[in-house]
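Visitor: My structure is stored as protein_8.pdb, with PDB, C-alpha atoms and all ligand atoms.
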ATOM      1  CA  MET B   1      31.487  35.586  -6.884  1.00  0.00           C
ATOM      2  CA  LYS B   2      35.179  35.583  -5.959  1.00  0.00           C
ATOM      3  CA  ARG B   3      34.764  32.254  -4.164  1.00  0.00           C
ATOM      4  CA  ARG B   4      32.958  30.762  -7.160  1.00  0.00           C
ATOM      5  CA  ASN B   5      35.745  31.913  -9.515  1.00  0.00           C
ATOM      6  CA  SER B   6      38.431  30.329  -7.373  1.00  0.00           C
ATOM      7  CA  PHE B   7      36.387  27.096  -7.184  1.00  0.00           C
ATOM      8  CA  LEU B   8      36.109  27.036 -10.989  1.00  0.00           C
ATOM      9  CA  PHE B   9      39.824  27.772 -11.305  1.00  0.00           C
ATOM     10  CA  LEU B  10      40.663  24.851  -8.996  1.00  0.00           C
ATOM     11  CA  LEU B  11      38.281  22.564 -10.875  1.00  0.00           C
ATOM     12  CA  VAL B  12      39.771  23.445 -14.280  1.00  0.00           C
ATOM     13  CA  ALA B  13      43.334  23.184 -12.916  1.00  0.00           C
ATOM     14  CA  GLY B  14      42.488  19.758 -11.445  1.00  0.00           C
ATOM     15  CA  LEU B  15      41.012  18.510 -14.701  1.00  0.00           C
ATOM     16  CA  LEU B  16      44.048  19.750 -16.662  1.00  0.00           C
ATOM     17  CA  ALA B  17      46.379  18.016 -14.210  1.00  0.00           C
ATOM     18  CA  LEU B  18      44.386  14.796 -14.671  1.00  0.00           C
ATOM     19  CA  LEU B  19      44.667  15.072 -18.452  1.00  0.00           C
ATOM     20  CA  VAL B  20      48.447  15.514 -18.157  1.00  0.00           C
ATOM     21  CA  LEU B  21      48.629  12.443 -15.912  1.00  0.00           C
ATOM     22  CA  GLN B  22      46.404  10.401 -18.225  1.00  0.00           C
ATOM     23  CA  ALA B  23      49.244   8.491 -19.890  1.00  0.00           C
ATOM     24  CA  THR B  24      50.752   7.188 -16.645  1.00  0.00           C
ATOM     25  CA  SER B  25      49.454   4.288 -14.550  1.00  0.00           C
ATOM     26  CA  PRO B  26      49.257   6.256 -11.250  1.00  0.00           C
ATOM     27  CA  GLY B  27      47.579   9.020 -13.250  1.00  0.00           C
ATOM     28  CA  ARG B  28      44.904   6.617 -14.458  1.00  0.00           C
ATOM     29  CA  GLU B  29      44.282   5.333 -10.938  1.00  0.00           C
ATOM     30  CA  LEU B  30      44.047   8.907  -9.688  1.00  0.00           C
ATOM     31  CA  GLN B  31      41.527   9.701 -12.425  1.00  0.00           C
ATOM     32  CA  PHE B  32      39.465   6.641 -11.468  1.00  0.00           C
ATOM     33  CA  LEU B  33      39.408   7.634  -7.797  1.00  0.00           C
ATOM     34  CA  VAL B  34      38.714  11.316  -8.478  1.00  0.00           C
ATOM     35  CA  GLY B  35      35.977  10.267 -10.930  1.00  0.00           C
ATOM     36  CA  GLY B  36      34.347   8.153  -8.189  1.00  0.00           C
ATOM     37  CA  GLY B  37      34.582  11.129  -5.830  1.00  0.00           C
ATOM     38  CA  MET B  38      32.958  13.375  -8.438  1.00  0.00           C
ATOM     39  CA  VAL B  39      30.092  10.884  -8.943  1.00  0.00           C
ATOM     40  CA  ASN B  40      29.390  10.992  -5.209  1.00  0.00           C
ATOM     41  CA  LEU B  41      29.793  14.772  -5.193  1.00  0.00           C
ATOM     42  CA  GLY B  42      27.142  14.814  -7.917  1.00  0.00           C
ATOM     43  CA  TYR B  43      24.751  12.810  -5.703  1.00  0.00           C
ATOM     44  CA  ARG B  44      25.443  15.188  -2.807  1.00  0.00           C
ATOM     45  CA  MET B  45      24.769  18.212  -4.987  1.00  0.00           C
ATOM     46  CA  GLN B  46      21.465  16.784  -6.313  1.00  0.00           C
ATOM     47  CA  ASP B  47      19.978  14.805  -3.415  1.00  0.00           C
ATOM     48  CA  HIS B  48      18.780  17.775  -1.341  1.00  0.00           C
ATOM     49  CA  LEU B  49      17.095  19.521  -4.305  1.00  0.00           C
ATOM     50  CA  GLU B  50      13.625  18.198  -3.488  1.00  0.00           C
ATOM     51  CA  ARG B  51      11.999  20.506  -6.004  1.00  0.00           C
ATOM     52  CA  TYR B  52      13.325  18.231  -8.773  1.00  0.00           C
ATOM     53  CA  ASP B  53      11.965  14.984  -7.246  1.00  0.00           C
ATOM     54  CA  PHE B  54       8.781  13.507  -8.708  1.00  0.00           C
ATOM     55  CA  GLU B  55       7.646  12.331  -5.284  1.00  0.00           C
ATOM     56  CA  HIS B  56       7.492  15.906  -3.984  1.00  0.00           C
ATOM     57  CA  SER B  57       5.220  17.175  -6.737  1.00  0.00           C
ATOM     58  CA  GLU B  58       1.870  15.974  -5.407  1.00  0.00           C
ATOM     59  CA  GLU B  59      -0.285  17.413  -8.219  1.00  0.00           C
ATOM     60  CA  ILE B  60       1.818  16.353 -11.172  1.00  0.00           C
ATOM     61  CA  SER B  61      -0.081  14.335 -13.830  1.00  0.00           C
ATOM     62  CA  PRO B  62       1.200  11.054 -15.317  1.00  0.00           C
ATOM     63  CA  GLU B  63       1.658  12.726 -18.737  1.00  0.00           C
ATOM     64  CA  ALA B  64       3.686  15.545 -17.189  1.00  0.00           C
ATOM     65  CA  ILE B  65       5.872  12.924 -15.471  1.00  0.00           C
ATOM     66  CA  TRP B  66       6.330  11.125 -18.824  1.00  0.00           C
ATOM     67  CA  ASP B  67       7.382  14.409 -20.460  1.00  0.00           C
ATOM     68  CA  GLU B  68       9.918  14.865 -17.683  1.00  0.00           C
ATOM     69  CA  VAL B  69      11.234  11.294 -18.110  1.00  0.00           C
ATOM     70  CA  LEU B  70      11.721  11.940 -21.857  1.00  0.00           C
ATOM     71  CA  ARG B  71      13.431  15.243 -21.111  1.00  0.00           C
ATOM     72  CA  GLN B  72      15.789  13.568 -18.612  1.00  0.00           C
ATOM     73  CA  ASN B  73      16.500  10.774 -21.101  1.00  0.00           C
ATOM     74  CA  ASP B  74      17.277  13.311 -23.826  1.00  0.00           C
ATOM     75  CA  LEU B  75      19.723  15.025 -21.491  1.00  0.00           C
ATOM     76  CA  ALA B  76      21.374  11.729 -20.498  1.00  0.00           C
ATOM     77  CA  ALA B  77      21.547  10.484 -24.122  1.00  0.00           C
ATOM     78  CA  SER B  78      23.137  13.775 -25.224  1.00  0.00           C
ATOM     79  CA  VAL B  79      25.831  13.407 -22.571  1.00  0.00           C
ATOM     80  CA  ARG B  80      26.366   9.709 -23.468  1.00  0.00           C
ATOM     81  CA  THR B  81      26.672  10.582 -27.171  1.00  0.00           C
ATOM     82  CA  ALA B  82      29.318  13.173 -26.334  1.00  0.00           C
ATOM     83  CA  PHE B  83      31.180  10.855 -23.936  1.00  0.00           C
ATOM     84  CA  PRO B  84      30.748   7.227 -25.153  1.00  0.00           C
ATOM     85  CA  ARG B  85      31.333   4.448 -22.625  1.00  0.00           C
ATOM     86  CA  THR B  86      33.994   1.749 -22.874  1.00  0.00           C
ATOM     87  CA  PRO B  87      32.661  -1.736 -23.806  1.00  0.00           C
ATOM     88  CA  ARG B  88      31.249  -3.734 -20.879  1.00  0.00           C
ATOM     89  CA  HIS B  89      31.912  -7.361 -20.013  1.00  0.00           C
ATOM     90  CA  PRO B  90      30.056  -7.897 -16.743  1.00  0.00           C
ATOM     91  CA  LEU B  91      31.492 -10.414 -14.277  1.00  0.00           C
ATOM     92  CA  VAL B  92      28.844  -9.776 -11.637  1.00  0.00           C
ATOM     93  CA  ALA B  93      25.050 -10.157 -11.612  1.00  0.00           C
ATOM     94  CA  VAL B  94      23.073  -8.715  -8.712  1.00  0.00           C
ATOM     95  CA  VAL B  95      19.523  -9.870  -7.929  1.00  0.00           C
ATOM     96  CA  ALA B  96      17.571  -7.409  -5.798  1.00  0.00           C
ATOM     97  CA  CYS B  97      14.022  -6.568  -4.800  1.00  0.00           C
ATOM     98  CA  MET B  98      12.357  -3.766  -6.769  1.00  0.00           C
ATOM     99  CA  ASP B  99      12.110  -1.686  -3.547  1.00  0.00           C
ATOM    100  CA  GLY B 100      12.808   1.940  -4.484  1.00  0.00           C
ATOM    101  CA  ARG B 101      15.039   2.504  -1.453  1.00  0.00           C
ATOM    102  CA  LEU B 102      17.673   0.081  -2.764  1.00  0.00           C
ATOM    103  CA  ASP B 103      20.207   1.697  -5.069  1.00  0.00           C
ATOM    104  CA  THR B 104      22.038  -1.301  -6.513  1.00  0.00           C
ATOM    105  CA  ASN B 105      24.782   0.852  -8.039  1.00  0.00           C
ATOM    106  CA  GLU B 106      25.554   2.376  -4.661  1.00  0.00           C
ATOM    107  CA  LEU B 107      25.145  -0.974  -2.917  1.00  0.00           C
ATOM    108  CA  VAL B 108      28.093  -2.603  -4.675  1.00  0.00           C
ATOM    109  CA  GLY B 109      30.060   0.530  -5.583  1.00  0.00           C
ATOM    110  CA  ASP B 110      29.127   0.061  -9.238  1.00  0.00           C
ATOM    111  CA  THR B 111      28.981   3.749 -10.056  1.00  0.00           C
ATOM    112  CA  ARG B 112      29.704   3.008 -13.719  1.00  0.00           C
ATOM    113  CA  THR B 113      26.858   0.454 -13.969  1.00  0.00           C
ATOM    114  CA  TYR B 114      29.116  -2.379 -15.120  1.00  0.00           C
ATOM    115  CA  TYR B 115      27.032  -5.161 -13.510  1.00  0.00           C
ATOM    116  CA  TYR B 116      23.936  -7.023 -14.602  1.00  0.00           C
ATOM    117  CA  VAL B 117      21.098  -6.084 -12.273  1.00  0.00           C
ATOM    118  CA  LEU B 118      17.969  -8.227 -12.087  1.00  0.00           C
ATOM    119  CA  ARG B 119      15.176  -6.765  -9.977  1.00  0.00           C
ATOM    120  CA  SER B 120      11.923  -8.433  -9.007  1.00  0.00           C
ATOM    121  CA  ALA B 121       9.389  -8.215  -6.170  1.00  0.00           C
ATOM    122  CA  GLY B 122      11.051  -9.883  -3.183  1.00  0.00           C
ATOM    123  CA  SER B 123      14.020 -11.049  -5.348  1.00  0.00           C
ATOM    124  CA  VAL B 124      11.912 -14.028  -6.436  1.00  0.00           C
ATOM    125  CA  LEU B 125      13.391 -15.888  -9.412  1.00  0.00           C
ATOM    126  CA  SER B 126      10.633 -17.094 -11.713  1.00  0.00           C
ATOM    127  CA  GLU B 127      11.596 -19.497 -14.491  1.00  0.00           C
ATOM    128  CA  ARG B 128      12.058 -16.565 -16.906  1.00  0.00           C
ATOM    129  CA  GLU B 129      14.379 -14.796 -14.492  1.00  0.00           C
ATOM    130  CA  GLN B 130      16.331 -18.001 -13.875  1.00  0.00           C
ATOM    131  CA  GLU B 131      16.872 -18.287 -17.636  1.00  0.00           C
ATOM    132  CA  MET B 132      17.915 -14.633 -17.884  1.00  0.00           C
ATOM    133  CA  LEU B 133      20.416 -15.136 -15.082  1.00  0.00           C
ATOM    134  CA  GLN B 134      21.717 -18.310 -16.727  1.00  0.00           C
ATOM    135  CA  LEU B 135      22.143 -16.353 -19.959  1.00  0.00           C
ATOM    136  CA  ALA B 136      24.190 -13.751 -18.061  1.00  0.00           C
ATOM    137  CA  VAL B 137      26.362 -16.522 -16.575  1.00  0.00           C
ATOM    138  CA  GLU B 138      26.882 -18.050 -20.020  1.00  0.00           C
ATOM    139  CA  ASN B 139      27.900 -14.576 -21.231  1.00  0.00           C
ATOM    140  CA  GLY B 140      30.728 -14.435 -18.680  1.00  0.00           C
ATOM    141  CA  VAL B 141      29.268 -13.667 -15.245  1.00  0.00           C
ATOM    142  CA  ARG B 142      31.289 -15.404 -12.516  1.00  0.00           C
ATOM    143  CA  LEU B 143      29.589 -14.048  -9.408  1.00  0.00           C
ATOM    144  CA  VAL B 144      25.869 -13.903  -8.652  1.00  0.00           C
ATOM    145  CA  VAL B 145      24.833 -11.884  -5.591  1.00  0.00           C
ATOM    146  CA  TRP B 146      21.292 -12.817  -4.572  1.00  0.00           C
ATOM    147  CA  THR B 147      19.903 -10.383  -2.036  1.00  0.00           C
ATOM    148  CA  ARG B 148      17.001 -10.030   0.375  1.00  0.00           C
ATOM    149  CA  HIS B 149      16.408  -6.884   2.388  1.00  0.00           C
ATOM    150  CA  SER B 150      14.911  -5.695   5.661  1.00  0.00           C
ATOM    151  CA  ASP B 151      11.441  -4.108   5.763  1.00  0.00           C
ATOM    152  CA  CYS B 152      10.478  -5.769   2.459  1.00  0.00           C
ATOM    153  CA  ALA B 153       6.950  -4.900   1.249  1.00  0.00           C
ATOM    154  CA  ALA B 154       6.679  -8.219  -0.639  1.00  0.00           C
ATOM    155  CA  GLU B 155       7.434 -10.173   2.558  1.00  0.00           C
ATOM    156  CA  LYS B 156       4.911  -8.033   4.436  1.00  0.00           C
ATOM    157  CA  ALA B 157       2.258  -8.754   1.795  1.00  0.00           C
ATOM    158  CA  ALA B 158       2.780 -12.479   2.426  1.00  0.00           C
ATOM    159  CA  SER B 159       2.738 -12.166   6.213  1.00  0.00           C
ATOM    160  CA  SER B 160      -0.953 -11.682   7.057  1.00  0.00           C
ATOM    161  CA  ALA B 161      -4.154 -13.361   5.904  1.00  0.00           C
ATOM    162  CA  GLU B 162      -5.667 -10.005   4.989  1.00  0.00           C
ATOM    163  CA  SER B 163      -2.817  -8.909   2.704  1.00  0.00           C
ATOM    164  CA  ARG B 164      -2.451 -12.432   1.303  1.00  0.00           C
ATOM    165  CA  ALA B 165      -6.063 -12.223   0.151  1.00  0.00           C
ATOM    166  CA  ARG B 166      -5.309  -8.889  -1.493  1.00  0.00           C
ATOM    167  CA  TYR B 167      -2.043  -9.959  -3.174  1.00  0.00           C
ATOM    168  CA  PRO B 168      -2.351 -13.739  -3.659  1.00  0.00           C
ATOM    169  CA  ALA B 169       0.159 -14.113  -6.507  1.00  0.00           C
ATOM    170  CA  LEU B 170       2.786 -12.016  -4.714  1.00  0.00           C
ATOM    171  CA  ALA B 171       2.275 -13.971  -1.473  1.00  0.00           C
ATOM    172  CA  GLN B 172       2.658 -17.251  -3.353  1.00  0.00           C
ATOM    173  CA  ALA B 173       5.839 -15.988  -5.054  1.00  0.00           C
ATOM    174  CA  VAL B 174       7.357 -15.089  -1.672  1.00  0.00           C
ATOM    175  CA  ASP B 175       6.378 -18.540  -0.308  1.00  0.00           C
ATOM    176  CA  GLU B 176       8.192 -20.166  -3.244  1.00  0.00           C
ATOM    177  CA  ARG B 177      11.252 -17.909  -3.071  1.00  0.00           C
ATOM    178  CA  SER B 178      13.684 -20.421  -1.510  1.00  0.00           C
ATOM    179  CA  ALA B 179      12.484 -23.257  -3.753  1.00  0.00           C
ATOM    180  CA  ARG B 180      12.936 -21.025  -6.837  1.00  0.00           C
ATOM    181  CA  PHE B 181      16.457 -20.102  -5.723  1.00  0.00           C
ATOM    182  CA  ASP B 182      17.303 -23.810  -5.240  1.00  0.00           C
ATOM    183  CA  GLU B 183      15.889 -24.485  -8.716  1.00  0.00           C
ATOM    184  CA  PHE B 184      18.322 -21.930 -10.134  1.00  0.00           C
ATOM    185  CA  LEU B 185      21.292 -23.552  -8.361  1.00  0.00           C
ATOM    186  CA  ALA B 186      20.213 -26.972  -9.675  1.00  0.00           C
ATOM    187  CA  ARG B 187      20.003 -25.908 -13.333  1.00  0.00           C
ATOM    188  CA  PRO B 188      22.597 -28.091 -15.127  1.00  0.00           C
ATOM    189  CA  ALA B 189      24.529 -25.146 -16.621  1.00  0.00           C
ATOM    190  CA  ILE B 190      24.698 -23.460 -13.209  1.00  0.00           C
ATOM    191  CA  ALA B 191      25.421 -26.591 -11.127  1.00  0.00           C
ATOM    192  CA  ALA B 192      28.293 -27.568 -13.478  1.00  0.00           C
ATOM    193  CA  ARG B 193      29.933 -24.149 -13.160  1.00  0.00           C
ATOM    194  CA  LEU B 194      29.498 -24.113  -9.380  1.00  0.00           C
ATOM    195  CA  ALA B 195      31.125 -27.560  -9.126  1.00  0.00           C
ATOM    196  CA  ALA B 196      33.999 -26.535 -11.424  1.00  0.00           C
ATOM    197  CA  GLY B 197      34.778 -23.391  -9.417  1.00  0.00           C
ATOM    198  CA  GLN B 198      33.872 -21.151 -12.389  1.00  0.00           C
ATOM    199  CA  LEU B 199      30.943 -19.519 -10.619  1.00  0.00           C
ATOM    200  CA  ALA B 200      30.116 -18.374  -7.093  1.00  0.00           C
ATOM    201  CA  VAL B 201      26.635 -17.548  -5.802  1.00  0.00           C
ATOM    202  CA  LYS B 202      26.392 -15.468  -2.609  1.00  0.00           C
ATOM    203  CA  VAL B 203      23.243 -14.970  -0.559  1.00  0.00           C
ATOM    204  CA  VAL B 204      23.199 -11.685   1.345  1.00  0.00           C
ATOM    205  CA  ASP B 205      20.770  -9.726   3.514  1.00  0.00           C
ATOM    206  CA  ILE B 206      20.692  -5.965   2.990  1.00  0.00           C
ATOM    207  CA  ASP B 207      19.989  -3.514   5.785  1.00  0.00           C
ATOM    208  CA  THR B 208      17.646  -1.210   3.854  1.00  0.00           C
ATOM    209  CA  ARG B 209      18.484   1.847   5.981  1.00  0.00           C
ATOM    210  CA  THR B 210      22.250   1.665   5.470  1.00  0.00           C
ATOM    211  CA  ASP B 211      22.766  -0.437   2.271  1.00  0.00           C
ATOM    212  CA  ARG B 212      25.053  -2.716   4.367  1.00  0.00           C
ATOM    213  CA  MET B 213      25.237  -6.247   2.922  1.00  0.00           C
ATOM    214  CA  LEU B 214      25.430  -9.139   5.415  1.00  0.00           C
ATOM    215  CA  PRO B 215      26.677 -12.361   3.738  1.00  0.00           C
ATOM    216  CA  ARG B 216      24.527 -15.402   4.702  1.00  0.00           C
ATOM    217  CA  GLU B 217      25.321 -18.324   2.412  1.00  0.00           C
ATOM    218  CA  SER B 218      27.821 -19.167  -0.304  1.00  0.00           C
ATOM    219  CA  TYR B 219      27.792 -21.682  -3.155  1.00  0.00           C
ATOM    220  CA  GLY B 220      30.592 -22.686  -5.549  1.00  0.00           C
ATOM    221  CA  GLY B 221      33.553 -20.345  -6.054  1.00  0.00           C
TER     222      GLY B 221
HETATM  223 ZN    ZN B 301      11.399  -5.802  -0.977  1.00  0.00          ZN
END
Show the structure stored in the file as structure tokens.
Guide:
Amino acid sequence: MKRRNSFLFLLVAGLLALLVLQATSPGRELQFLVGGGMVNLGYRMQDHLERYDFEHSEEISPEAIWDEVLRQNDLAASVRTAFPRTPRHPLVAVVACMDGRLDTNELVGDTRTYYYVLRSAGSVLSEREQEMLQLAVENGVRLVVWTRHSDCAAEKAASSAESRARYPALAQAVDERSARFDEFLARPAIAARLAAGQLAVKVVDIDTRTDRMLPRESYGG
């Protein structure tokens, strides 16, 4: 109990010190860095509590999961109402596979979710997704990060005759992935910005185990 009291005392003292420093530039930077540390501390505190993970509750019904999602949303919305966010003007759009192991916020250090994130099976850009990405660019995005990742289930589905027969549309989408990406680059609004140096598009491979991004190709910039 004594240890917990001293921890709380330190926490409150730290927060008060941050509030005092709020008006100064170094104080703001310190708050930003400490805030980032606290976000990661939050992950550390929660990640090992398997009891609260859906995936560890084998018998849970879909309706019970939905109730839990609504409860979590209510909690999050209450916090957001109490602490409104500053307006967002994203400069970055990230395209990533829907693989559950990829945490795009962690991947690019975007703990405040300031980026556009477009997720699809195998990072394939259908015409709709190309238009959505173009809309993001026309709304101010200057950097598009298009990612692929190791151990991708979509790529695996396209890799054998047996799974191709089972998932024909997914296999076809993976086959067309490069052509779809080239289509996006060739869209007039995108090509013009790339040529004018107003937009850069980076192709990266992600190591799924570590979240490490390995740059492969670069366009515009
Ligand atoms: Zn994948």
Visitor: Could you tell me which residues the PyMOL selection byres (((not hetatm)) within 12 of (chain B and resi 301)) returns for this structure, as a VMD selection string?
Guide: chain B and resid 95 to 102 119 to 124 147 to 158 170 174 205 to 208
Visitor: Env of Thr86 (chain B): 12 Å cut, atoms = all atoms listed in the file, seq-sep filter 5 positions within chain, self excluded. Answer as a short mmCIF file (atom, residue, chain, number, x, y, z; two decimals) with C-alpha atoms, in the coordinates of the input.
Guide:
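Once everything was written out, this is around.cif:
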data_model
loop_
_atom_site.label_atom_id
_atom_site.label_comp_id
_atom_site.auth_asym_id
_atom_site.auth_seq_id
_atom_site.Cartn_x
_atom_site.Cartn_y
_atom_site.Cartn_z
CA ARG B 80 26.37 9.71 -23.47
CA ARG B 112 29.70 3.01 -13.72
CA THR B 113 26.86 0.45 -13.97
CA TYR B 114 29.12 -2.38 -15.12
#
Visitor: As an exercise, work out the distance from CA of Lys202 (chain B) to CA of Pro215 (chain B) in Å and give it to one decimal place.
Guide: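 Computed distance, CA of Lys202 (chain B) to CA of Pro215 (chain B), equals 7.1 Å.
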Visitor: Expand the PyMOL selection byres (((chain B and resi 200) around 7) and not hetatm) into the individual residues it matches in the shown file, reporting them as a PyMOL selection string.
Guide: chain B and resi 142-144+194+199+201-202+219-221
Visitor: Deliver the residues from the most recent selection as a file, using C-alpha atoms, as a PDB file, in the frame of the given file.
Guide:
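selection_12.pdb, written as the output of this step:
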ATOM      1  CA  ARG B 142      31.289 -15.404 -12.516  1.00  0.00           C
ATOM      2  CA  LEU B 143      29.589 -14.048  -9.408  1.00  0.00           C
ATOM      3  CA  VAL B 144      25.869 -13.903  -8.652  1.00  0.00           C
ATOM      4  CA  LEU B 194      29.498 -24.113  -9.380  1.00  0.00           C
ATOM      5  CA  LEU B 199      30.943 -19.519 -10.619  1.00  0.00           C
ATOM      6  CA  VAL B 201      26.635 -17.548  -5.802  1.00  0.00           C
ATOM      7  CA  LYS B 202      26.392 -15.468  -2.609  1.00  0.00           C
ATOM      8  CA  TYR B 219      27.792 -21.682  -3.155  1.00  0.00           C
ATOM      9  CA  GLY B 220      30.592 -22.686  -5.549  1.00  0.00           C
ATOM     10  CA  GLY B 221      33.553 -20.345  -6.054  1.00  0.00           C
TER      11      GLY B 221
END
Visitor: Here is a test: counting only C-alpha atoms, which residue of B:Arg71, B:Arg212, B:Arg44, B:Arg85 is nearest to Val108 (chain B)?
Guide: B:Arg212
Visitor: What do you get, as a list in words, if you spell out every residue that the PyMOL selection byres (((chain B and resi 92) around 8) and not hetatm) selects here?
Guide: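 The output of the PyMOL selection byres (((chain B and resi 92) around 8) and not hetatm) on this file is Pro90, Leu91, Ala93, Val94, Tyr115, Tyr116, Val141, Arg142, Leu143, Val144 and Val145 of chain B.
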Visitor: Enter the distance from CA of Ile190 (chain B) to CA of Ser218 (chain B), in Å, rounded to one decimal.
Guide: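 Separating CA of Ile190 (chain B) from CA of Ser218 (chain B) is a distance of 14.0 Å.
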Visitor: To one decimal place, how far is CA of Ala173 (chain B) from CA of Ser160 (chain B) in Å?
Guide: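 Straight-line distance from CA of Ala173 (chain B) to CA of Ser160 (chain B) works out to 14.5 Å.
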Visitor: When you count only C-alpha atoms, which of these residues is closest to Leu185 (chain B): B:Glu29, B:Glu106, B:Glu131, B:Glu50?
Guide: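 Smallest separation from Leu185 (chain B) among the options: B:Glu131.
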Visitor: Nearest to Ser126 (chain B): which of B:Arg216, B:Arg187, B:Arg193, B:Arg180 is it, counting all atoms listed in the file?
Guide: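 Closest to Ser126 (chain B), using all atoms listed in the file: B:Arg180.
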Visitor: Check the smallest atom-to-atom distance from each of B:Ala161, B:Glu68, B:Gly109, B:Asp103 to Arg209 (chain B) using all atoms listed in the file, then report the winner.
Guide: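 Closest candidate: B:Asp103.
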